[in-house]
file work03.txt (compact mmCIF, C-alpha atoms (C1' of nucleotides))
# COMPACT_ATOMS: atom_id res chain seq x y z
CA MET U 1 13.37 20.78 -65.60
CA SER U 2 13.16 23.07 -68.58
CA ASP U 3 10.89 23.47 -71.56
CA SER U 4 11.82 23.03 -75.19
CA ASN U 5 13.48 26.41 -75.26
CA GLY U 6 15.78 25.50 -72.47
CA ARG U 7 14.26 28.21 -70.34
CA GLU U 8 13.53 27.41 -66.73
CA SER U 9 9.86 26.82 -66.18
CA ARG U 10 7.98 29.18 -63.95
CA GLY U 11 7.73 26.88 -60.96
CA LYS U 12 11.49 26.90 -60.63
CA LEU U 13 11.76 30.59 -59.91
CA THR U 14 11.63 30.11 -56.15
CA GLU U 15 14.38 27.56 -56.39
CA ARG U 16 16.57 29.85 -58.42
CA MET U 17 16.04 32.68 -55.97
CA ASP U 18 17.02 30.40 -53.12
CA ALA U 19 20.09 29.26 -55.00
CA PHE U 20 20.98 32.89 -55.61
CA ARG U 21 20.74 33.65 -51.90
CA ALA U 22 23.09 30.77 -51.28
CA MET U 23 25.54 32.01 -53.89
CA CYS U 24 25.62 35.44 -52.31
CA ARG U 25 26.29 34.02 -48.87
CA ARG U 26 28.97 31.75 -50.24
CA GLU U 27 30.67 34.79 -51.78
CA GLY U 28 30.29 36.86 -48.64
CA LEU U 29 27.83 39.20 -50.33
CA LYS U 30 24.78 40.58 -48.58
CA VAL U 31 21.33 39.57 -49.72
CA THR U 32 19.52 42.83 -50.31
CA PRO U 33 16.07 43.50 -51.76
CA GLN U 34 17.74 45.33 -54.65
CA ARG U 35 19.92 42.38 -55.58
CA LEU U 36 17.02 39.98 -55.38
CA ALA U 37 14.93 42.22 -57.59
CA VAL U 38 17.65 42.65 -60.21
CA TYR U 39 18.38 38.94 -60.33
CA LYS U 40 14.70 38.10 -60.57
CA ALA U 41 14.16 40.55 -63.40
CA LEU U 42 17.07 39.12 -65.33
CA VAL U 43 15.96 35.52 -64.82
CA GLU U 44 12.44 36.32 -65.92
CA SER U 45 13.46 38.20 -69.03
CA THR U 46 13.80 36.49 -72.39
CA GLU U 47 15.19 39.60 -74.03
CA HIS U 48 18.85 39.52 -73.00
CA PRO U 49 18.28 42.97 -71.57
CA SER U 50 20.67 45.87 -71.14
CA ALA U 51 21.23 47.45 -67.74
CA GLU U 52 18.83 50.17 -68.78
CA ALA U 53 16.12 47.64 -69.62
CA VAL U 54 16.56 45.79 -66.34
CA PHE U 55 16.41 49.13 -64.57
CA ARG U 56 13.07 49.98 -66.16
CA GLN U 57 11.68 46.60 -65.17
CA VAL U 58 12.93 46.62 -61.58
CA ARG U 59 11.67 50.13 -61.01
CA LYS U 60 8.13 48.88 -61.33
CA ASN U 61 8.55 47.15 -57.99
CA ILE U 62 11.20 49.31 -56.36
CA PRO U 63 10.59 52.82 -57.68
CA ASP U 64 13.44 54.32 -55.73
CA ILE U 65 16.18 51.98 -56.91
CA SER U 66 18.99 53.72 -58.74
CA PHE U 67 20.31 52.83 -62.14
CA ASP U 68 23.71 52.53 -60.62
CA THR U 69 22.67 49.83 -58.24
CA VAL U 70 21.12 47.89 -61.07
CA ASN U 71 24.24 48.19 -63.15
CA ARG U 72 26.54 47.30 -60.29
CA THR U 73 24.42 44.32 -59.43
CA LEU U 74 24.51 43.04 -63.00
CA LEU U 75 28.28 43.30 -63.08
CA MET U 76 28.40 41.57 -59.71
CA LEU U 77 26.26 38.76 -61.10
CA SER U 78 28.74 38.19 -63.89
CA ASN U 79 31.59 38.29 -61.41
CA ILE U 80 30.14 35.48 -59.34
CA ASP U 81 29.07 33.58 -62.47
CA ALA U 82 25.39 33.92 -61.75
CA ALA U 83 25.02 35.54 -65.16
CA PHE U 84 27.22 36.76 -67.96
CA VAL U 85 27.69 39.57 -70.41
CA ILE U 86 26.68 38.49 -73.88
CA GLU U 87 29.26 38.51 -76.63
CA GLY U 88 28.30 40.86 -79.42
CA THR U 89 29.49 43.82 -81.39
CA GLY U 90 28.25 46.97 -79.79
CA SER U 91 27.16 48.78 -76.73
CA PRO U 92 25.32 48.70 -74.47
CA LYS U 93 26.23 45.52 -72.62
CA ARG U 94 23.56 42.85 -72.68
CA PHE U 95 23.08 40.29 -69.91
CA ASP U 96 21.92 36.69 -69.65
CA ALA U 97 21.22 34.63 -66.55
CA ASN U 98 20.57 31.42 -68.42
CA LEU U 99 23.60 29.32 -67.57
CA LYS U 100 22.64 26.32 -69.68
CA THR U 101 25.02 25.96 -72.60
CA HIS U 102 23.56 27.79 -75.54
CA HIS U 103 24.51 30.19 -78.28
CA HIS U 104 23.34 33.47 -79.74
CA PHE U 105 22.30 35.04 -82.97
CA LYS U 106 22.30 38.81 -83.03
CA CYS U 107 20.40 40.89 -85.56
CA ILE U 108 22.59 43.78 -86.59
CA LYS U 109 19.55 45.84 -87.52
CA CYS U 110 17.17 45.58 -84.59
CA LYS U 111 19.82 44.40 -82.11
CA ARG U 112 17.60 41.53 -81.04
CA ILE U 113 19.50 38.58 -79.59
CA ILE U 114 18.04 35.17 -80.21
CA ASP U 115 18.99 32.00 -78.35
CA VAL U 116 20.40 29.23 -80.50
CA TRP U 117 20.07 25.69 -79.16
CA HIS U 118 22.19 23.32 -81.20
CA GLU U 119 23.95 20.28 -79.79
CA PRO U 120 26.92 20.27 -82.18
CA PHE U 121 27.80 23.81 -81.11
CA ASP U 122 27.94 22.65 -77.50
CA LYS U 123 30.52 20.03 -78.33
CA ILE U 124 33.20 22.16 -79.93
CA GLN U 125 36.62 21.37 -78.55
CA VAL U 126 39.06 24.10 -77.71
CA PRO U 127 42.40 23.27 -79.38
CA ARG U 128 45.13 22.11 -77.05
CA SER U 129 47.41 24.98 -78.07
CA ILE U 130 44.89 27.38 -76.56
CA GLU U 131 43.99 25.28 -73.56
CA GLU U 132 47.65 25.02 -72.57
CA LYS U 133 48.31 28.74 -72.51
CA PHE U 134 44.96 30.16 -71.50
CA THR U 135 42.21 29.43 -69.02
CA VAL U 136 39.04 29.32 -71.08
CA SER U 137 36.02 30.15 -68.96
CA ARG U 138 33.52 30.63 -71.72
CA LYS U 139 33.22 29.21 -75.22
CA THR U 140 30.35 29.92 -77.50
CA VAL U 141 29.36 30.20 -81.11
CA TYR U 142 28.35 33.68 -82.13
CA LEU U 143 26.16 34.29 -85.15
CA GLU U 144 25.29 37.64 -86.60
CA GLY U 145 23.10 38.79 -89.45
CA ILE U 146 19.61 39.92 -90.29
CA CYS U 147 16.60 38.45 -88.50
CA ASP U 148 13.34 37.43 -90.09
CA LYS U 149 11.50 40.54 -88.99
CA CYS U 150 14.13 42.89 -90.40
CA ARG U 151 14.69 41.02 -93.64
CA GLY U 152 11.51 42.28 -95.26
CA LYS U 153 12.52 45.90 -95.06
CA MET M 1 50.32 34.32 -99.50
CA SER M 2 50.29 34.39 -95.75
CA ASP M 3 52.49 33.11 -92.95
CA SER M 4 51.56 30.48 -90.42
CA ASN M 5 49.58 32.98 -88.43
CA GLY M 6 47.37 33.75 -91.36
CA ARG M 7 48.51 37.35 -91.31
CA GLU M 8 49.29 38.96 -94.64
CA SER M 9 53.00 39.28 -95.19
CA ARG M 10 54.47 42.75 -95.45
CA GLY M 11 54.97 42.73 -99.19
CA LYS M 12 51.25 42.45 -99.70
CA LEU M 13 50.40 45.80 -98.16
CA THR M 14 50.47 47.62 -101.48
CA GLU M 15 48.13 45.05 -102.93
CA ARG M 16 45.70 45.42 -100.09
CA MET M 17 45.75 49.17 -100.41
CA ASP M 18 45.01 48.87 -104.12
CA ALA M 19 42.22 46.45 -103.40
CA PHE M 20 40.82 48.90 -100.89
CA ARG M 21 40.86 51.70 -103.46
CA ALA M 22 38.94 49.41 -105.77
CA MET M 23 36.39 48.59 -103.07
CA CYS M 24 35.77 52.25 -102.40
CA ARG M 25 35.22 53.00 -106.05
CA ARG M 26 32.93 50.03 -106.41
CA GLU M 27 30.86 51.37 -103.51
CA GLY M 28 30.88 54.90 -104.86
CA LEU M 29 32.99 56.14 -101.97
CA LYS M 30 35.78 58.62 -102.41
CA VAL M 31 39.35 57.59 -101.81
CA THR M 32 40.67 60.15 -99.35
CA PRO M 33 44.03 60.31 -97.56
CA GLN M 34 42.18 59.88 -94.26
CA ARG M 35 40.49 56.69 -95.37
CA LEU M 36 43.70 55.27 -96.74
CA ALA M 37 45.50 56.05 -93.51
CA VAL M 38 42.83 54.52 -91.31
CA TYR M 39 42.63 51.38 -93.38
CA LYS M 40 46.41 51.07 -93.47
CA ALA M 41 46.68 51.45 -89.71
CA LEU M 42 44.07 48.78 -89.16
CA VAL M 43 45.65 46.34 -91.59
CA GLU M 44 49.07 46.82 -90.05
CA SER M 45 47.89 46.36 -86.49
CA THR M 46 47.87 42.98 -84.79
CA GLU M 47 46.11 44.34 -81.73
CA HIS M 48 42.48 44.41 -82.82
CA PRO M 49 42.50 48.08 -81.93
CA SER M 50 39.71 50.32 -80.73
CA ALA M 51 38.82 53.49 -82.61
CA GLU M 52 40.83 55.40 -80.04
CA ALA M 53 43.91 53.25 -80.68
CA VAL M 54 43.62 53.62 -84.45
CA PHE M 55 43.22 57.34 -83.94
CA ARG M 56 46.47 57.54 -81.96
CA GLN M 57 48.29 55.60 -84.64
CA VAL M 58 46.95 57.55 -87.62
CA ARG M 59 47.67 60.86 -85.95
CA LYS M 60 51.36 60.15 -86.22
CA ASN M 61 51.11 60.64 -89.97
CA ILE M 62 48.11 62.96 -90.18
CA PRO M 63 48.26 65.10 -87.04
CA ASP M 64 45.13 67.04 -87.89
CA ILE M 65 42.79 64.11 -88.46
CA SER M 66 39.80 64.10 -86.15
CA PHE M 67 38.69 61.23 -83.97
CA ASP M 68 35.33 61.45 -85.59
CA THR M 69 36.72 60.77 -89.03
CA VAL M 70 38.62 57.77 -87.76
CA ASN M 71 35.54 56.40 -86.08
CA ARG M 72 33.32 57.03 -89.08
CA THR M 73 35.85 55.41 -91.37
CA LEU M 74 36.05 52.30 -89.20
CA LEU M 75 32.27 51.99 -89.22
CA MET M 76 32.32 52.54 -92.97
CA LEU M 77 34.88 49.73 -93.34
CA SER M 78 32.59 47.33 -91.54
CA ASN M 79 29.68 48.47 -93.69
CA ILE M 80 31.44 47.62 -96.92
CA ASP M 81 32.86 44.43 -95.39
CA ALA M 82 36.45 45.59 -95.56
CA ALA M 83 36.69 44.97 -91.83
CA PHE M 84 34.42 44.02 -88.97
CA VAL M 85 33.64 44.79 -85.38
CA ILE M 86 34.90 42.04 -83.14
CA GLU M 87 32.45 40.10 -81.02
CA GLY M 88 33.19 40.49 -77.35
CA THR M 89 31.71 41.51 -74.07
CA GLY M 90 32.46 45.13 -73.49
CA SER M 91 33.13 48.50 -74.88
CA PRO M 92 34.86 50.04 -76.63
CA LYS M 93 34.34 48.45 -80.04
CA ARG M 94 37.37 46.63 -81.40
CA PHE M 95 38.09 46.26 -85.11
CA ASP M 96 39.74 43.68 -87.35
CA ALA M 97 40.62 43.92 -91.03
CA ASN M 98 41.78 40.33 -91.35
CA LEU M 99 39.04 38.76 -93.42
CA LYS M 100 40.47 35.24 -93.42
CA THR M 101 38.23 32.95 -91.40
CA HIS M 102 39.53 32.88 -87.87
CA HIS M 103 38.34 33.10 -84.29
CA HIS M 104 39.11 35.02 -81.14
CA PHE M 105 40.06 34.52 -77.54
CA LYS M 106 39.58 37.53 -75.31
CA CYS M 107 41.29 37.95 -71.95
CA ILE M 108 38.79 39.38 -69.51
CA LYS M 109 41.57 40.88 -67.42
CA CYS M 110 43.84 42.70 -69.85
CA LYS M 111 41.27 42.86 -72.69
CA ARG M 112 43.81 41.48 -75.12
CA ILE M 113 42.24 39.71 -78.11
CA ILE M 114 44.17 36.79 -79.53
CA ASP M 115 43.57 35.21 -82.92
CA VAL M 116 42.61 31.55 -82.87
CA TRP M 117 43.38 29.54 -85.98
CA HIS M 118 41.63 26.20 -85.82
CA GLU M 119 40.23 24.34 -88.81
CA PRO M 120 37.37 22.57 -87.03
CA PHE M 121 36.01 25.92 -85.87
CA ASP M 122 35.87 27.09 -89.47
CA LYS M 123 33.67 24.18 -90.44
CA ILE M 124 30.80 24.60 -88.02
CA GLN M 125 27.45 24.35 -89.73
CA VAL M 126 24.64 26.72 -88.90
CA PRO M 127 21.52 24.66 -88.16
CA ARG M 128 18.85 24.73 -90.81
CA SER M 129 16.28 26.14 -88.41
CA ILE M 130 18.41 29.26 -88.14
CA GLU M 131 19.42 29.46 -91.78
CA GLU M 132 15.79 29.35 -92.86
CA LYS M 133 14.66 32.26 -90.77
CA PHE M 134 17.75 34.44 -90.62
CA THR M 135 20.46 35.66 -92.96
CA VAL M 136 23.70 34.78 -91.23
CA SER M 137 26.48 37.07 -92.35
CA ARG M 138 29.03 36.15 -89.75
CA LYS M 139 29.65 33.03 -87.71
CA THR M 140 32.53 32.62 -85.34
CA VAL M 141 33.63 30.83 -82.20
CA TYR M 142 34.22 33.16 -79.31
CA LEU M 143 36.43 32.16 -76.40
CA GLU M 144 36.90 34.11 -73.22
CA GLY M 145 39.04 33.65 -70.15
CA ILE M 146 42.40 34.52 -68.66
CA CYS M 147 45.49 34.77 -70.82
CA ASP M 148 48.93 33.43 -69.99
CA LYS M 149 50.30 36.79 -68.97
CA CYS M 150 47.45 37.52 -66.57
CA ARG M 151 47.25 34.05 -65.06
CA GLY M 152 50.32 34.53 -62.90
CA LYS M 153 48.80 37.38 -60.96
C1' DT R 1 43.81 71.76 -116.97
C1' DG R 2 39.77 74.30 -114.96
C1' DT R 3 35.18 73.95 -113.02
C1' DC R 4 31.36 71.96 -110.77
C1' DT R 5 29.05 68.77 -107.56
C1' DG R 6 28.20 66.05 -103.89
C1' DG R 7 30.35 63.28 -100.74
C1' DT R 8 33.78 64.02 -96.78
C1' DT R 9 36.12 66.29 -93.10
C1' DG R 10 36.83 68.76 -88.78
C1' DC R 11 34.69 71.01 -85.25
C1' DG R 12 31.78 71.71 -81.46
C1' DA R 13 28.15 70.23 -79.08
C1' DT R 14 25.25 66.22 -77.44
C1' DT R 15 23.81 61.83 -76.34
C1' DT R 16 24.63 57.48 -74.52
C1' DT R 17 26.92 54.33 -71.46
C1' DT R 18 29.79 53.43 -67.72
C1' DT R 19 32.26 54.53 -63.62
C1' DT R 20 33.61 57.04 -59.32
C1' DA R 21 33.27 59.24 -54.49
C1' DC R 22 31.18 59.43 -50.40
C1' DA R 23 27.76 59.87 -46.61
C1' DA R 24 23.74 57.55 -45.06
C1' DC R 25 21.91 53.12 -44.66
C1' DC R 26 20.94 48.40 -43.38
C1' DG R 27 22.07 43.18 -43.63
C1' DT R 28 24.66 40.13 -40.84
C1' DC R 29 26.98 38.39 -36.95
C1' DC R 30 27.56 38.18 -32.12
C1' DG D 1 19.87 44.87 -29.50
C1' DG D 2 24.36 46.87 -31.03
C1' DA D 3 28.35 47.23 -33.91
C1' DC D 4 30.75 46.43 -38.17
C1' DG D 5 31.40 46.63 -42.85
C1' DG D 6 29.44 45.96 -47.12
C1' DT D 7 25.67 48.38 -49.97
C1' DT D 8 22.85 52.03 -51.65
C1' DG D 9 21.49 56.52 -53.66
C1' DT D 10 23.08 60.74 -55.23
C1' DA D 11 25.50 63.66 -57.96
C1' DA D 12 29.11 64.24 -60.87
C1' DA D 13 32.23 63.08 -64.38
C1' DA D 14 34.65 60.07 -67.31
C1' DA D 15 34.44 57.27 -71.43
C1' DA D 16 32.48 56.24 -75.89
C1' DA D 17 29.65 57.15 -79.63
C1' DT D 18 26.96 60.34 -82.44
C1' DC D 19 25.12 64.51 -84.71
C1' DG D 20 24.66 68.97 -87.53
C1' DC D 21 26.84 71.98 -90.31
C1' DA D 22 30.12 74.98 -92.92
C1' DA D 23 34.37 74.51 -95.33
C1' DC D 24 36.73 71.46 -98.16
C1' DC D 25 38.34 68.43 -101.78
C1' DA D 26 38.09 63.91 -104.76
C1' DG D 27 36.05 62.66 -108.92
C1' DA D 28 33.77 63.65 -113.21
C1' DC D 29 33.27 66.15 -117.16
C1' DA D 30 34.20 69.71 -120.30
call {"tool": "encode", "arguments": {"input": "work03.txt", "output": "structure tokens"}}
result
Amino acid sequence: MSDSNGRESRGKLTERMDAFRAMCRREGLKVTPQRLAVYKALVESTEHPSAEAVFRQVRKNIPDISFDTVNRTLLMLSNIDAAFVIEGTGSPKRFDANLKTHHHFKCIKCKRIIDVWHEPFDKIQVPRSIEEKFTVSRKTVYLEGICDKCRGK
Amino acid sequence: MSDSNGRESRGKLTERMDAFRAMCRREGLKVTPQRLAVYKALVESTEHPSAEAVFRQVRKNIPDISFDTVNRTLLMLSNIDAAFVIEGTGSPKRFDANLKTHHHFKCIKCKRIIDVWHEPFDKIQVPRSIEEKFTVSRKTVYLEGICDKCRGK
DNA sequence: TGTCTGGTTGCGATTTTTTTACAACCGTCC
DNA sequence: GGACGGTTGTAAAAAAATCGCAACCAGACA
């Protein structure tokens, strides 16, 4: 179950953590406290955080974790399709563990990334000419511009 | 006029260069040999090159140009809407001077970016809820996956 | 055409972001 | 409980982007 924003409700966190453990085992990856903490931080964030931001968050609970481990774990998550790197036009990489089909708007001023929930976007059909040649693993609508907070300036 | 790929035909290069001169003047920017060379290299490329790649190309004609100038010029081009930074999920930034509405497929293995020309994608409508709050300056469909050349491996 | 002015360039140095190497460590399996 | 092999932390460096400044030159005007 999810709320109107499509975000998993709080009670589902335990379930997602369990599912994550299962994914790791399925992939032959060890379930370590660091990985659990990184995944949890990403799932709980609504900010589409960078590795640096996840690092800051995770460090509150595991002060000795290294940035490298956080970064490697995030890349691992996108490898096993437990999360993905958000499309966008600049560094640093930004991550998202919300696997429900949705889209993004990115403010080019404040770099904020806002979820866009819009049925018609979900239904776009990849043309056959592409589907025949390429294996499309991700399709999404990407919007860019100025957000409400930055527009006033 | 453009061919079936939407790419400007060769004979139009002079026109585009003239148009670029005009854009610079309109923006109060000086027309320098470096800027002309960078813009020309980007227009002539079909590779959606990175700053580094444009740098390598431009250096063939202007051996003493600095990377910094190339990079600054590319960012300038996107500022005046003569080009844009391509959406995508990793560094380095990739640029595109083809302003005709089109979309991209990016191969996550070889990082190649392929133009996607597909009418229905051009017609997607930004939902009112977004349009009311934000100023959308760019909207595009972004596809990601494995390209034909990488699939065999 | 010569001169002036302010934007532009090239350089060097820095910051930011990402990646690598490797020894110590610790989940997992038996 | 013990062994194996993947994982972690550390330090270092590679990759990418940015900054400050003196010399330079495109554009404007005489």
call {"tool": "calpha_fit_and_write", "arguments": {"input": "work03.txt", "fixed": "chain M", "moving": "chain U", "output": "CSV table (one decimal) with C-alpha atoms, in the coordinates of the input"}}
result
chain,number,residue,atom,x,y,z
U,1,MET,CA,50.2,34.4,-99.4
U,2,SER,CA,50.2,34.5,-95.7
U,3,ASP,CA,52.5,33.4,-92.9
U,4,SER,CA,51.8,30.8,-90.3
U,5,ASN,CA,49.7,33.2,-88.3
U,6,GLY,CA,47.4,33.8,-91.2
U,7,ARG,CA,48.5,37.4,-91.3
U,8,GLU,CA,49.2,39.0,-94.7
U,9,SER,CA,52.9,39.3,-95.3
U,10,ARG,CA,54.4,42.8,-95.6
U,11,GLY,CA,54.8,42.7,-99.4
U,12,LYS,CA,51.1,42.4,-99.8
U,13,LEU,CA,50.3,45.8,-98.3
U,14,THR,CA,50.4,47.6,-101.6
U,15,GLU,CA,48.0,45.0,-103.0
U,16,ARG,CA,45.6,45.4,-100.2
U,17,MET,CA,45.6,49.2,-100.5
U,18,ASP,CA,44.9,48.9,-104.2
U,19,ALA,CA,42.1,46.5,-103.5
U,20,PHE,CA,40.7,48.9,-100.9
U,21,ARG,CA,40.7,51.7,-103.5
U,22,ALA,CA,38.8,49.5,-105.8
U,23,MET,CA,36.2,48.6,-103.0
U,24,CYS,CA,35.7,52.3,-102.3
U,25,ARG,CA,35.1,53.1,-106.0
U,26,ARG,CA,32.8,50.1,-106.3
U,27,GLU,CA,30.7,51.4,-103.4
U,28,GLY,CA,30.7,55.0,-104.7
U,29,LEU,CA,32.9,56.2,-101.9
U,30,LYS,CA,35.7,58.7,-102.3
U,31,VAL,CA,39.3,57.7,-101.8
U,32,THR,CA,40.6,60.2,-99.4
U,33,PRO,CA,44.0,60.3,-97.6
U,34,GLN,CA,42.2,59.9,-94.3
U,35,ARG,CA,40.5,56.7,-95.4
U,36,LEU,CA,43.7,55.3,-96.8
U,37,ALA,CA,45.5,56.0,-93.6
U,38,VAL,CA,42.8,54.5,-91.3
U,39,TYR,CA,42.6,51.4,-93.4
U,40,LYS,CA,46.4,51.0,-93.5
U,41,ALA,CA,46.7,51.4,-89.8
U,42,LEU,CA,44.1,48.8,-89.2
U,43,VAL,CA,45.6,46.3,-91.6
U,44,GLU,CA,49.0,46.8,-90.1
U,45,SER,CA,47.9,46.3,-86.5
U,46,THR,CA,47.9,43.0,-84.8
U,47,GLU,CA,46.2,44.3,-81.7
U,48,HIS,CA,42.5,44.4,-82.8
U,49,PRO,CA,42.6,48.1,-81.9
U,50,SER,CA,39.8,50.3,-80.7
U,51,ALA,CA,38.9,53.5,-82.6
U,52,GLU,CA,41.0,55.4,-80.1
U,53,ALA,CA,44.0,53.2,-80.7
U,54,VAL,CA,43.7,53.6,-84.5
U,55,PHE,CA,43.4,57.3,-84.0
U,56,ARG,CA,46.6,57.5,-82.0
U,57,GLN,CA,48.4,55.5,-84.7
U,58,VAL,CA,47.0,57.5,-87.7
U,59,ARG,CA,47.8,60.8,-86.0
U,60,LYS,CA,51.5,60.1,-86.3
U,61,ASN,CA,51.2,60.6,-90.0
U,62,ILE,CA,48.2,62.9,-90.2
U,63,PRO,CA,48.4,65.0,-87.1
U,64,ASP,CA,45.3,67.0,-88.0
U,65,ILE,CA,42.9,64.1,-88.5
U,66,SER,CA,40.0,64.1,-86.1
U,67,PHE,CA,38.9,61.2,-84.0
U,68,ASP,CA,35.5,61.4,-85.6
U,69,THR,CA,36.8,60.8,-89.0
U,70,VAL,CA,38.7,57.8,-87.8
U,71,ASN,CA,35.7,56.4,-86.1
U,72,ARG,CA,33.4,57.0,-89.0
U,73,THR,CA,35.9,55.4,-91.3
U,74,LEU,CA,36.1,52.3,-89.2
U,75,LEU,CA,32.3,52.0,-89.2
U,76,MET,CA,32.3,52.5,-92.9
U,77,LEU,CA,34.9,49.8,-93.3
U,78,SER,CA,32.6,47.3,-91.5
U,79,ASN,CA,29.7,48.5,-93.6
U,80,ILE,CA,31.4,47.6,-96.8
U,81,ASP,CA,32.8,44.4,-95.3
U,82,ALA,CA,36.4,45.6,-95.5
U,83,ALA,CA,36.7,45.0,-91.8
U,84,PHE,CA,34.4,44.0,-88.9
U,85,VAL,CA,33.7,44.8,-85.3
U,86,ILE,CA,34.9,42.0,-83.1
U,87,GLU,CA,32.5,40.1,-81.0
U,88,GLY,CA,33.2,40.5,-77.3
U,89,THR,CA,31.7,41.6,-74.0
U,90,GLY,CA,32.4,45.2,-73.5
U,91,SER,CA,33.2,48.6,-74.8
U,92,PRO,CA,34.9,50.1,-76.6
U,93,LYS,CA,34.4,48.5,-80.0
U,94,ARG,CA,37.4,46.6,-81.4
U,95,PHE,CA,38.1,46.3,-85.1
U,96,ASP,CA,39.7,43.7,-87.3
U,97,ALA,CA,40.6,43.9,-91.0
U,98,ASN,CA,41.7,40.3,-91.3
U,99,LEU,CA,39.0,38.7,-93.4
U,100,LYS,CA,40.4,35.2,-93.4
U,101,THR,CA,38.2,32.9,-91.3
U,102,HIS,CA,39.5,32.9,-87.8
U,103,HIS,CA,38.3,33.1,-84.2
U,104,HIS,CA,39.1,35.0,-81.1
U,105,PHE,CA,40.0,34.5,-77.5
U,106,LYS,CA,39.5,37.5,-75.3
U,107,CYS,CA,41.2,38.0,-71.9
U,108,ILE,CA,38.7,39.4,-69.5
U,109,LYS,CA,41.5,40.9,-67.4
U,110,CYS,CA,43.8,42.7,-69.8
U,111,LYS,CA,41.2,42.9,-72.6
U,112,ARG,CA,43.8,41.5,-75.1
U,113,ILE,CA,42.2,39.7,-78.0
U,114,ILE,CA,44.1,36.8,-79.5
U,115,ASP,CA,43.6,35.2,-82.9
U,116,VAL,CA,42.6,31.6,-82.8
U,117,TRP,CA,43.4,29.5,-85.9
U,118,HIS,CA,41.7,26.2,-85.8
U,119,GLU,CA,40.3,24.3,-88.8
U,120,PRO,CA,37.4,22.5,-87.0
U,121,PHE,CA,36.0,25.9,-85.8
U,122,ASP,CA,35.9,27.1,-89.4
U,123,LYS,CA,33.7,24.1,-90.4
U,124,ILE,CA,30.9,24.6,-88.0
U,125,GLN,CA,27.5,24.3,-89.8
U,126,VAL,CA,24.7,26.7,-89.0
U,127,PRO,CA,21.6,24.6,-88.3
U,128,ARG,CA,19.0,24.7,-91.0
U,129,SER,CA,16.3,26.1,-88.6
U,130,ILE,CA,18.5,29.2,-88.3
U,131,GLU,CA,19.5,29.4,-91.9
U,132,GLU,CA,15.9,29.3,-93.1
U,133,LYS,CA,14.8,32.2,-91.0
U,134,PHE,CA,17.9,34.4,-90.8
U,135,THR,CA,20.6,35.6,-93.1
U,136,VAL,CA,23.8,34.7,-91.3
U,137,SER,CA,26.6,37.0,-92.4
U,138,ARG,CA,29.1,36.1,-89.8
U,139,LYS,CA,29.7,33.0,-87.7
U,140,THR,CA,32.6,32.6,-85.3
U,141,VAL,CA,33.6,30.8,-82.2
U,142,TYR,CA,34.2,33.2,-79.3
U,143,LEU,CA,36.4,32.2,-76.4
U,144,GLU,CA,36.8,34.1,-73.2
U,145,GLY,CA,39.0,33.7,-70.1
U,146,ILE,CA,42.3,34.5,-68.6
U,147,CYS,CA,45.4,34.8,-70.7
U,148,ASP,CA,48.8,33.5,-69.9
U,149,LYS,CA,50.2,36.8,-68.9
U,150,CYS,CA,47.3,37.6,-66.5
U,151,ARG,CA,47.1,34.1,-65.0
U,152,GLY,CA,50.2,34.6,-62.8
U,153,LYS,CA,48.7,37.5,-60.9
call {"tool": "residues_near_point", "arguments": {"input": "work03.txt", "point": "(31.3, 65.6, -95.7)", "cutoff": "12 Å", "atoms": "all atoms listed in the file", "output": "PyMOL selection string"}}
result
(chain M and resi 29-30+32+68-69+72-73) or (chain R and resi 6-10) or (chain D and resi 20-26)
call {"tool": "residues_around", "arguments": {"input": "work03.txt", "residues": "Val85 in chain U", "least_positions_apart": "4", "cutoff": "10 Å", "atoms": "only C-alpha atoms (C1' of nucleotides)", "output": "list of chain:residue names"}}
result
U:His48, U:Ser50, U:Leu74, U:Leu75, U:Leu77, U:Ser78, U:Asn79, U:Lys93, U:Arg94, U:Phe95, U:Asp96, U:Ala97, M:Gly88, M:Thr89, M:Gly90
call {"tool": "interface_residues", "arguments": {"input": "work03.txt", "of": "chain M", "to": "chain U", "cutoff": "9 Å", "atoms": "all atoms listed in the file", "output": "JSON, numbers by chain"}}
result
{"M": [85, 86, 87, 88, 89, 90, 91, 92, 93, 94, 105, 107, 116, 118, 120, 121, 124, 125, 126, 127, 130, 132, 133, 134, 135, 136, 137, 138, 139, 140, 141, 142, 143, 144, 145, 146, 147, 148, 149, 151]}
call {"tool": "atom_distance", "arguments": {"input": "work03.txt", "atom1": "CA of Ile80 in chain U", "atom2": "CA of Cys24 in chain U"}}
result
8.4 Å
call {"tool": "closest_residue", "arguments": {"input": "work03.txt", "among": "U:Thr14, U:Thr46, U:Ser66, U:Asn61", "to": "DG9 in chain D", "atoms": "only C-alpha atoms (C1' of nucleotides)"}}
result
U:Ser66
call {"tool": "closest_residue", "arguments": {"input": "work03.txt", "among": "D:DC19, D:DA14, D:DC4, D:DA28", "to": "DC11 in chain R", "atoms": "all atoms listed in the file"}}
result
D:DC19
call {"tool": "atom_distance", "arguments": {"input": "work03.txt", "atom1": "CA of Ala51 in chain M", "atom2": "CA of Met76 in chain M"}}
result
12.3 Å
call {"tool": "atom_distance", "arguments": {"input": "work03.txt", "atom1": "C1' of DA13 in chain D", "atom2": "CA of Glu52 in chain M"}}
result
19.4 Å
call {"tool": "closest_atom_pairs", "arguments": {"input": "work03.txt", "of": "chain D", "to": "chain M", "cutoff": "10 Å", "atoms": "all atoms listed in the file", "output": "CSV"}}
result
residue,atom,partner,partner_atom,distance
D:DA15,C1',M:Pro92,CA,8.9
D:DA16,C1',M:Pro92,CA,6.7
D:DA17,C1',M:Asn71,CA,8.8
D:DT18,C1',M:Asp68,CA,9.0
D:DC25,C1',M:Thr32,CA,8.9
D:DA26,C1',M:Lys30,CA,6.2
D:DG27,C1',M:Lys30,CA,7.7
